[in-house]
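First the structure, in the form of structure tokens, and then the observations on it.
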Protein chains: 2
Amino acid sequence: MNFLFISNADKRDAWRDAMLERFPGSGFYTYPDLDLDKSIIDYAIVWKPPTGELASYPNLKGILSLGAGVDGLLVDSELPRNVPLVRLVDRCLTEGMSEYVLYWALHHHRRFDVYGMWRQDKIWKNLRQIDTRDRKVGILGLGVLGGDAARKLKTFHFDVAGWSRTKKNIDGVTSYFGADQMAAFLARTEILVCLLPLTNDTRGIVDAKLLAGLPEDAVFINCARGDHVVDADLIRALDGGHIRHAVLDVFHTEPLPADNPFWTHPKVTVTQHMASLTVPTSASEWMAENIKLIEAGKPPLNTVDLNRGY
Amino acid sequence: MNFLFISNADKRDAWRDAMLERFPGSGFYTYPDLDLDKSIIDYAIVWKPPTGELASYPNLKGILSLGAGVDGLLVDSELPRNVPLVRLVDRCLTEGMSEYVLYWALHHHRRFDVYGMWRQDKIWKNLRQIDTRDRKVGILGLGVLGGDAARKLKTFHFDVAGWSRTKKNIDGVTSYFGADQMAAFLARTEILVCLLPLTNDTRGIVDAKLLAGLPEDAVFINCARGDHVVDADLIRALDGGHIRHAVLDVFHTEPLPADNPFWTHPKVTVTQHMASLTVPTSASEWMAENIKLIEAGKPPLNTVDLNRGY
């Protein structure tokens, strides 16, 4: 079996080691490779391939995304449509994302920001402790990542709701769905977490209108994609005081340029797209499972619906 | 029914409202009250009473602690030994403590301290993401609070162990117990959380020897009592580099005096004894339940063993 690896954001050597351990004796080739006979490639393991590149491998049996979101692949207008495109579902990636969400939800729920400022001035004071049952967290996107975060928030008894394209059933989590129910979802949400896939429908979804629909003093956490947010609208909502704070892990341009105002905005916490990382040792297990299904003539798990975009 | 309230750390009015709602028509008296006929008091709701004070109420049927720890009561050498002393178990207190433990465990597990420093310098960089299964958290004390924290850490798949006086059975949590097993418990613990009761056996337990038993680069979180720690030993272990960081919520003297070195030590995070607070509306439910048991001639729940000290 021969693998092609295309990514400048993932660790090539770690992936080669992980895949060759699972498929001993296979070939592992890295783009660009001018000497490569493209007809020998069976599976492409990719993140943001150059436009048209994947179309040039005539015997491709599967395209395996290195990320949970496939927006970096779908921008390739020549992406082969007859080859299954598989989204990554990585235990470590999912769990890491929930760690990030819980950490920042607890940070703002318990006001560690306020206690931290008091610490600077050696102020010894307490705030009233709020029961998590009275704290409303809302998750945009209740897929693999949003669903796991919702369940973990529930173990802390937060009042959790989610919004998604279609209705979801998660124990104890209120499911809002479709454009009609967005306003009701926003109106009850004090801490908003974005874990949506990036599609034509969700690009720029976090705009002035959406932010205005949140209650006064709401907190926004984005660990999906920078393109979900209209930055100027977010900054205006923060400066105007309607949104108390934003925690941003993803940006239109990454690495975030040094002159981007988010770095130093007093109401923004920037993290370095570290909310959750793909871990080759665990993620390769998922890829191996899907390759075995394809080799057995069966449909792989979590195939991307190219029309839906995720 | 007549209640006596003794505390300068709890909100008197909130407690009066909560207790009178549960026992309408009762009397609620606050120490000191020079006009009070002490023989009418049935139940004392207390935190750190003056020595001998409780002994002067001849018809006391129960002493209800305002804190989960009763060390502030047991220092009263004249504490009536024939009246049941009930430790507080408050849902909100327990859950708030677990929120604090999870927040700081995630903080150090995911190295938000490092990412925060990088943010100051606009550095865009990632650390390798560690699976929680490979992160060893150890809890000193597996009672109501330690047990709940252990269970919540397990939902994030941390490798959790606890140390206590006697063996405990919590699903998936390794139980070390007794002096003999302390060394083995410490040797495997990267993040140490103290949730012990303060007794003669545990006073000063976190000393140079205990800290030296932890692996290099360990993190220490204290949300029990300041007196569990030998401060000079902790500072030496931090300065020497063996302990990476300490998160301290409790101190020998509270409020923490402005000249205490913990406030500004670069390897210490001080919080203002806010890890978890007693919430009168939920805690009064526990008290009411115990009062009803005593009134019915039954033993109350979570009575303190005066010899054991908790």
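Following the order of the structure tokens, first chain is A, next is B, and so on, with residues numbered from 1 inside each chain and ligands from 1 in the order they appear.
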
Give me every strand (DSSP E or B) residue in range 215-303 of chain A, going by DSSP on the backbone, as a list of chain:residue names.
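These are the residues in question: A:Ala218, A:Val219, A:Phe220, A:Ile221, A:Asn222, A:Val229, A:Ile243, A:Arg244, A:His245, A:Ala246, A:Val247, A:Leu248, A:Val268, A:Thr269, A:Val270, A:Thr303.
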
Selection: 6 Å around Thr189 in chain A, only C-alpha atoms, excl. self and same-chain fewer than 5 positions, as a PDB file with N, CA, C and O atoms, in the first residue's frame:
```
ATOM      1  N   LYS A 136     -25.732  29.328  31.820  1.00  0.00           N
ATOM      2  CA  LYS A 136     -26.171  28.815  30.529  1.00  0.00           C
ATOM      3  C   LYS A 136     -25.047  28.876  29.489  1.00  0.00           C
ATOM      4  O   LYS A 136     -24.607  29.954  29.097  1.00  0.00           O
ATOM      5  N   VAL A 137     -24.617  27.693  29.068  1.00  0.00           N
ATOM      6  CA  VAL A 137     -23.605  27.591  28.023  1.00  0.00           C
ATOM      7  C   VAL A 137     -24.295  27.148  26.742  1.00  0.00           C
ATOM      8  O   VAL A 137     -25.179  26.285  26.780  1.00  0.00           O
ATOM      9  N   GLY A 138     -23.928  27.751  25.634  1.00  0.00           N
ATOM     10  CA  GLY A 138     -24.504  27.389  24.347  1.00  0.00           C
ATOM     11  C   GLY A 138     -23.408  27.012  23.367  1.00  0.00           C
ATOM     12  O   GLY A 138     -22.399  27.709  23.276  1.00  0.00           O
TER      13      GLY A 138
END
```

Counting only C-alpha atoms, a student should be able to say which residues of chain A come within 8 Å of chain B; what is the right answer, written as a ChimeraX atom specification?
/A:92,95-96,99,102-103,106-107,115-116,119,122,124-126,129,131,152,155-156,255-256,258,263,270-274,276-277,279

Using only C-alpha atoms, which residues sit within 10 Å of Ala224 in chain B once same-chain residues fewer than 6 positions away are excluded, as a short mmCIF file (atom, residue, chain, number, x, y, z; two decimals) with C-alpha atoms, in the first residue's frame?
```
data_model
loop_
_atom_site.label_atom_id
_atom_site.label_comp_id
_atom_site.auth_asym_id
_atom_site.auth_seq_id
_atom_site.Cartn_x
_atom_site.Cartn_y
_atom_site.Cartn_z
CA ALA B 68 -16.78 21.09 55.50
CA GLY B 69 -13.71 21.10 57.73
CA MET B 97 -14.35 22.55 44.84
CA LEU B 140 -4.48 13.81 49.32
CA GLY B 141 -7.80 13.00 51.01
CA LEU B 145 -14.58 16.62 48.41
CA GLY B 146 -11.59 14.56 47.26
CA VAL B 193 -4.09 18.22 45.14
CA CYS B 194 -4.56 18.60 48.91
CA LEU B 195 -8.13 18.05 50.13
CA LEU B 196 -7.36 16.52 53.53
CA PRO B 197 -9.18 17.37 56.75
CA LEU B 198 -6.97 19.31 59.14
CA LEU B 248 -2.68 28.09 46.94
CA ASP B 249 -6.20 28.95 48.04
CA VAL B 250 -5.65 28.66 51.81
CA PHE B 251 -3.07 30.10 54.18
CA HIS B 273 -9.96 31.24 49.63
CA ALA B 275 -12.05 27.52 45.68
#
```

Expressed in Å, the length from CA of Ala149 in chain A to CA of Arg135 in chain A is 15.3 Å

All residues 9 Å or closer to Leu306 in chain A, only C-alpha atoms, same chain fewer than 6 positions away omitted, as number ranges by chain
A: 74, 81, 85

Selected residues written out with N, CA and C atoms, as a CSV table (one decimal), in the first residue's frame:
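Result written to again.csv:
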```
chain,number,residue,atom,x,y,z
A,74,LEU,N,-11.8,21.4,0.9
A,74,LEU,CA,-13.0,21.6,-0.1
A,74,LEU,C,-12.7,22.9,-0.9
A,81,ARG,N,-14.3,13.8,-7.0
A,81,ARG,CA,-15.6,13.6,-6.3
A,81,ARG,C,-16.0,12.2,-6.2
A,85,LEU,N,-13.9,11.1,0.8
A,85,LEU,CA,-13.1,12.0,1.6
A,85,LEU,C,-13.5,11.8,3.0
```

Residues within 10 Å of Ala246 in chain B, only C-alpha atoms, excluding chain neighbours under 4 positions, as a ChimeraX atom specification:
/B:191-193,218-222,234-235,238,262,265-270

Create the file for the chosen residues now, containing all heavy atoms and written as a tab-separated table (two decimals), in the first residue's frame.
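What follows is the written file part-v9.tsv:
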```
chain	number	residue	atom	x	y	z
B	191	ILE	N	0.61	16.02	39.46
B	191	ILE	CA	-0.18	17.14	39.97
B	191	ILE	C	-0.79	16.69	41.29
B	191	ILE	O	-1.60	15.76	41.31
B	191	ILE	CB	-1.29	17.56	38.97
B	191	ILE	CG1	-0.68	18.01	37.64
B	191	ILE	CG2	-2.15	18.68	39.57
B	191	ILE	CD1	-1.71	18.36	36.56
B	192	LEU	N	-0.35	17.31	42.39
B	192	LEU	CA	-0.80	16.90	43.73
B	192	LEU	C	-1.84	17.90	44.23
B	192	LEU	O	-1.60	19.11	44.27
B	192	LEU	CB	0.39	16.87	44.69
B	192	LEU	CG	0.06	16.48	46.14
B	192	LEU	CD1	-0.34	15.01	46.23
B	192	LEU	CD2	1.25	16.78	47.06
B	193	VAL	N	-3.01	17.38	44.63
B	193	VAL	CA	-4.09	18.22	45.14
B	193	VAL	C	-4.32	17.87	46.61
B	193	VAL	O	-4.51	16.69	46.94
B	193	VAL	CB	-5.41	17.95	44.36
B	193	VAL	CG1	-6.53	18.84	44.89
B	193	VAL	CG2	-5.20	18.16	42.87
B	218	ALA	N	6.82	18.69	39.53
B	218	ALA	CA	5.43	18.47	39.95
B	218	ALA	C	4.76	19.81	40.28
B	218	ALA	O	5.42	20.81	40.55
B	218	ALA	CB	5.37	17.54	41.15
B	219	VAL	N	3.43	19.78	40.25
B	219	VAL	CA	2.60	20.95	40.59
B	219	VAL	C	1.83	20.62	41.86
B	219	VAL	O	1.36	19.49	42.04
B	219	VAL	CB	1.64	21.26	39.42
B	219	VAL	CG1	0.57	22.27	39.86
B	219	VAL	CG2	2.41	21.79	38.21
B	220	PHE	N	1.71	21.61	42.75
B	220	PHE	CA	0.99	21.40	44.01
B	220	PHE	C	-0.20	22.36	44.08
B	220	PHE	O	-0.05	23.56	43.86
B	220	PHE	CB	1.93	21.63	45.20
B	220	PHE	CG	1.23	21.60	46.54
B	220	PHE	CD1	0.50	20.49	46.94
B	220	PHE	CD2	1.30	22.69	47.40
B	220	PHE	CE1	-0.14	20.46	48.17
B	220	PHE	CE2	0.66	22.67	48.64
B	220	PHE	CZ	-0.06	21.54	49.03
B	221	ILE	N	-1.37	21.82	44.38
B	221	ILE	CA	-2.59	22.62	44.51
B	221	ILE	C	-3.15	22.41	45.91
B	221	ILE	O	-3.47	21.27	46.28
B	221	ILE	CB	-3.64	22.19	43.45
B	221	ILE	CG1	-3.09	22.39	42.03
B	221	ILE	CG2	-4.95	22.98	43.63
B	221	ILE	CD1	-3.95	21.77	40.93
B	222	ASN	N	-3.26	23.47	46.70
B	222	ASN	CA	-3.82	23.33	48.05
B	222	ASN	C	-5.15	24.06	48.18
B	222	ASN	O	-5.22	25.28	48.12
B	222	ASN	CB	-2.84	23.87	49.11
B	222	ASN	CG	-3.30	23.51	50.52
B	222	ASN	OD1	-4.18	22.66	50.69
B	222	ASN	ND2	-2.70	24.15	51.52
B	234	LEU	N	7.88	24.68	51.31
B	234	LEU	CA	7.30	24.81	49.97
B	234	LEU	C	8.08	25.83	49.16
B	234	LEU	O	8.42	25.59	47.99
B	234	LEU	CB	5.82	25.20	50.06
B	234	LEU	CG	5.12	25.48	48.72
B	234	LEU	CD1	5.19	24.28	47.79
B	234	LEU	CD2	3.66	25.89	48.95
B	235	ILE	N	8.39	26.97	49.77
B	235	ILE	CA	9.13	28.01	49.04
B	235	ILE	C	10.51	27.49	48.64
B	235	ILE	O	10.97	27.73	47.52
B	235	ILE	CB	9.21	29.30	49.89
B	235	ILE	CG1	7.81	29.94	49.95
B	235	ILE	CG2	10.25	30.28	49.33
B	235	ILE	CD1	7.71	31.21	50.77
B	238	LEU	N	10.11	25.25	45.64
B	238	LEU	CA	9.82	26.02	44.42
B	238	LEU	C	11.10	26.71	43.93
B	238	LEU	O	11.45	26.65	42.75
B	238	LEU	CB	8.74	27.07	44.70
B	238	LEU	CG	7.32	26.56	44.94
B	238	LEU	CD1	6.47	27.62	45.64
B	238	LEU	CD2	6.66	26.12	43.63
B	262	PHE	N	4.07	34.78	49.19
B	262	PHE	CA	3.28	34.02	48.21
B	262	PHE	C	2.60	34.93	47.19
B	262	PHE	O	2.44	34.56	46.02
B	262	PHE	CB	2.21	33.18	48.92
B	262	PHE	CG	2.72	31.94	49.60
B	262	PHE	CD1	2.16	31.51	50.79
B	262	PHE	CD2	3.74	31.18	49.04
B	262	PHE	CE1	2.61	30.35	51.42
B	262	PHE	CE2	4.21	30.02	49.66
B	262	PHE	CZ	3.64	29.61	50.85
B	265	HIS	N	5.34	35.63	44.51
B	265	HIS	CA	6.29	34.61	44.07
B	265	HIS	C	5.94	34.17	42.65
B	265	HIS	O	4.79	33.83	42.37
B	265	HIS	CB	6.23	33.41	45.03
B	265	HIS	CG	7.42	32.50	44.90
B	265	HIS	ND1	7.64	31.72	43.79
B	265	HIS	CD2	8.48	32.27	45.73
B	265	HIS	CE1	8.75	31.02	43.95
B	265	HIS	NE2	9.29	31.34	45.13
B	266	PRO	N	6.93	34.18	41.75
B	266	PRO	CA	6.63	33.87	40.34
B	266	PRO	C	6.13	32.44	40.12
B	266	PRO	O	5.52	32.15	39.09
B	266	PRO	CB	7.96	34.10	39.62
B	266	PRO	CG	9.00	34.03	40.70
B	266	PRO	CD	8.36	34.52	41.95
B	267	LYS	N	6.38	31.55	41.06
B	267	LYS	CA	5.95	30.16	40.90
B	267	LYS	C	4.74	29.83	41.76
B	267	LYS	O	4.44	28.66	41.99
B	267	LYS	CB	7.11	29.21	41.24
B	267	LYS	CG	8.27	29.30	40.26
B	267	LYS	CD	9.34	28.29	40.59
B	267	LYS	CE	10.43	28.32	39.52
B	267	LYS	NZ	11.50	27.36	39.86
B	268	VAL	N	4.07	30.86	42.27
B	268	VAL	CA	2.89	30.65	43.10
B	268	VAL	C	1.71	31.41	42.52
B	268	VAL	O	1.85	32.56	42.09
B	268	VAL	CB	3.14	31.13	44.56
B	268	VAL	CG1	1.85	31.05	45.38
B	268	VAL	CG2	4.24	30.29	45.21
B	269	THR	N	0.55	30.76	42.46
B	269	THR	CA	-0.69	31.46	42.17
B	269	THR	C	-1.53	31.47	43.43
B	269	THR	O	-1.88	30.40	43.95
B	269	THR	CB	-1.47	30.77	41.03
B	269	THR	OG1	-0.62	30.70	39.89
B	269	THR	CG2	-2.72	31.57	40.67
B	270	VAL	N	-1.80	32.67	43.94
B	270	VAL	CA	-2.65	32.83	45.12
B	270	VAL	C	-4.09	33.03	44.66
B	270	VAL	O	-4.35	33.82	43.76
B	270	VAL	CB	-2.19	34.07	45.93
B	270	VAL	CG1	-3.26	34.49	46.95
B	270	VAL	CG2	-0.86	33.79	46.63
```

Report as a list in words all protein, DNA and RNA residues lying within 12 Å of Val304 in chain B, evaluated on only C-alpha atoms, omitting residues in the same chain fewer than 5 positions from it.
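Skipping anything fewer than 5 positions along the chain leaves Gly62, Ile63, Leu64, Ser65, Ala68, Gly69, Val70, Asp71, Leu73, Leu74, Arg81, Asn82, Val83, Pro84, Leu85, Val86, Arg87, Leu88, Val89, Pro197, Thr199, Pro299, Gly309 and Tyr310 of chain B.
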
Could you dump the residues just selected with N, CA, C and O atoms as a tab-separated table (two decimals), in the first residue's frame?
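Dumped to again.tsv:
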```tsv
chain	number	residue	atom	x	y	z
B	62	GLY	N	-27.71	19.96	68.92
B	62	GLY	CA	-26.81	19.68	67.80
B	62	GLY	C	-25.97	20.90	67.48
B	62	GLY	O	-26.42	22.05	67.65
B	63	ILE	N	-24.73	20.64	67.04
B	63	ILE	CA	-23.84	21.71	66.58
B	63	ILE	C	-23.61	21.48	65.10
B	63	ILE	O	-23.14	20.42	64.68
B	64	LEU	N	-23.99	22.46	64.28
B	64	LEU	CA	-23.92	22.31	62.83
B	64	LEU	C	-22.81	23.20	62.29
B	64	LEU	O	-22.88	24.42	62.38
B	65	SER	N	-21.77	22.57	61.74
B	65	SER	CA	-20.62	23.33	61.24
B	65	SER	C	-20.96	24.06	59.95
B	65	SER	O	-21.64	23.51	59.07
B	68	ALA	N	-16.99	22.53	55.68
B	68	ALA	CA	-16.78	21.09	55.50
B	68	ALA	C	-15.72	20.60	56.49
B	68	ALA	O	-15.80	19.50	57.02
B	69	GLY	N	-14.73	21.42	56.74
B	69	GLY	CA	-13.71	21.10	57.73
B	69	GLY	C	-14.16	21.63	59.08
B	69	GLY	O	-14.77	22.70	59.17
B	70	VAL	N	-13.91	20.88	60.17
B	70	VAL	CA	-14.37	21.31	61.49
B	70	VAL	C	-13.20	21.69	62.39
B	70	VAL	O	-13.35	21.83	63.60
B	71	ASP	N	-12.01	21.86	61.81
B	71	ASP	CA	-10.82	22.22	62.60
B	71	ASP	C	-11.05	23.52	63.37
B	71	ASP	O	-10.55	23.68	64.47
B	73	LEU	N	-13.67	24.38	64.80
B	73	LEU	CA	-14.51	24.07	65.96
B	73	LEU	C	-13.75	23.24	66.99
B	73	LEU	O	-13.92	23.42	68.19
B	74	LEU	N	-12.92	22.33	66.49
B	74	LEU	CA	-12.26	21.38	67.40
B	74	LEU	C	-11.18	22.05	68.25
B	74	LEU	O	-10.75	21.47	69.25
B	81	ARG	N	-19.04	17.41	74.41
B	81	ARG	CA	-18.78	16.12	73.75
B	81	ARG	C	-20.02	15.24	73.69
B	81	ARG	O	-20.02	14.18	73.05
B	82	ASN	N	-21.07	15.66	74.37
B	82	ASN	CA	-22.29	14.85	74.37
B	82	ASN	C	-23.33	15.35	73.36
B	82	ASN	O	-24.43	14.85	73.29
B	83	VAL	N	-22.96	16.38	72.59
B	83	VAL	CA	-23.87	16.92	71.58
B	83	VAL	C	-23.30	16.58	70.20
B	83	VAL	O	-22.12	16.78	69.96
B	84	PRO	N	-24.12	16.02	69.30
B	84	PRO	CA	-23.57	15.67	67.98
B	84	PRO	C	-23.05	16.89	67.23
B	84	PRO	O	-23.73	17.92	67.17
B	85	LEU	N	-21.83	16.76	66.69
B	85	LEU	CA	-21.22	17.81	65.87
B	85	LEU	C	-21.29	17.33	64.42
B	85	LEU	O	-20.78	16.25	64.09
B	86	VAL	N	-21.96	18.10	63.58
B	86	VAL	CA	-22.23	17.66	62.20
B	86	VAL	C	-21.40	18.47	61.22
B	86	VAL	O	-21.46	19.70	61.21
B	87	ARG	N	-20.59	17.77	60.39
B	87	ARG	CA	-19.84	18.43	59.33
B	87	ARG	C	-20.80	18.86	58.22
B	87	ARG	O	-21.79	18.18	57.96
B	88	LEU	N	-20.46	19.93	57.54
B	88	LEU	CA	-21.32	20.37	56.44
B	88	LEU	C	-21.00	19.58	55.17
B	88	LEU	O	-19.84	19.43	54.80
B	89	VAL	N	-22.04	19.08	54.54
B	89	VAL	CA	-21.90	18.53	53.19
B	89	VAL	C	-22.87	19.32	52.34
B	89	VAL	O	-24.08	19.20	52.48
B	197	PRO	N	-8.71	16.64	55.57
B	197	PRO	CA	-9.18	17.37	56.75
B	197	PRO	C	-7.95	17.80	57.55
B	197	PRO	O	-6.91	17.14	57.48
B	199	THR	N	-6.20	17.79	60.85
B	199	THR	CA	-6.19	17.11	62.15
B	199	THR	C	-4.76	17.16	62.68
B	199	THR	O	-3.86	17.63	61.99
B	299	PRO	N	-29.58	9.23	64.67
B	299	PRO	CA	-28.26	9.86	64.56
B	299	PRO	C	-28.16	10.69	63.26
B	299	PRO	O	-28.63	10.23	62.22
B	309	GLY	N	-11.11	13.40	64.57
B	309	GLY	CA	-10.93	14.81	64.22
B	309	GLY	C	-11.60	15.24	62.93
B	309	GLY	O	-11.40	16.35	62.45
B	310	TYR	N	-12.42	14.36	62.34
B	310	TYR	CA	-13.19	14.75	61.15
B	310	TYR	C	-14.35	13.81	60.94
B	310	TYR	O	-14.47	12.84	61.67
```

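In this structure, CA of Asp148 in chain B sits 25.2 Å away from CA of Gly213 in chain B.
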
Interatomic distance, CA of Leu60 in chain B to CA of Thr281 in chain B (Å, one decimal)
23.5 Å
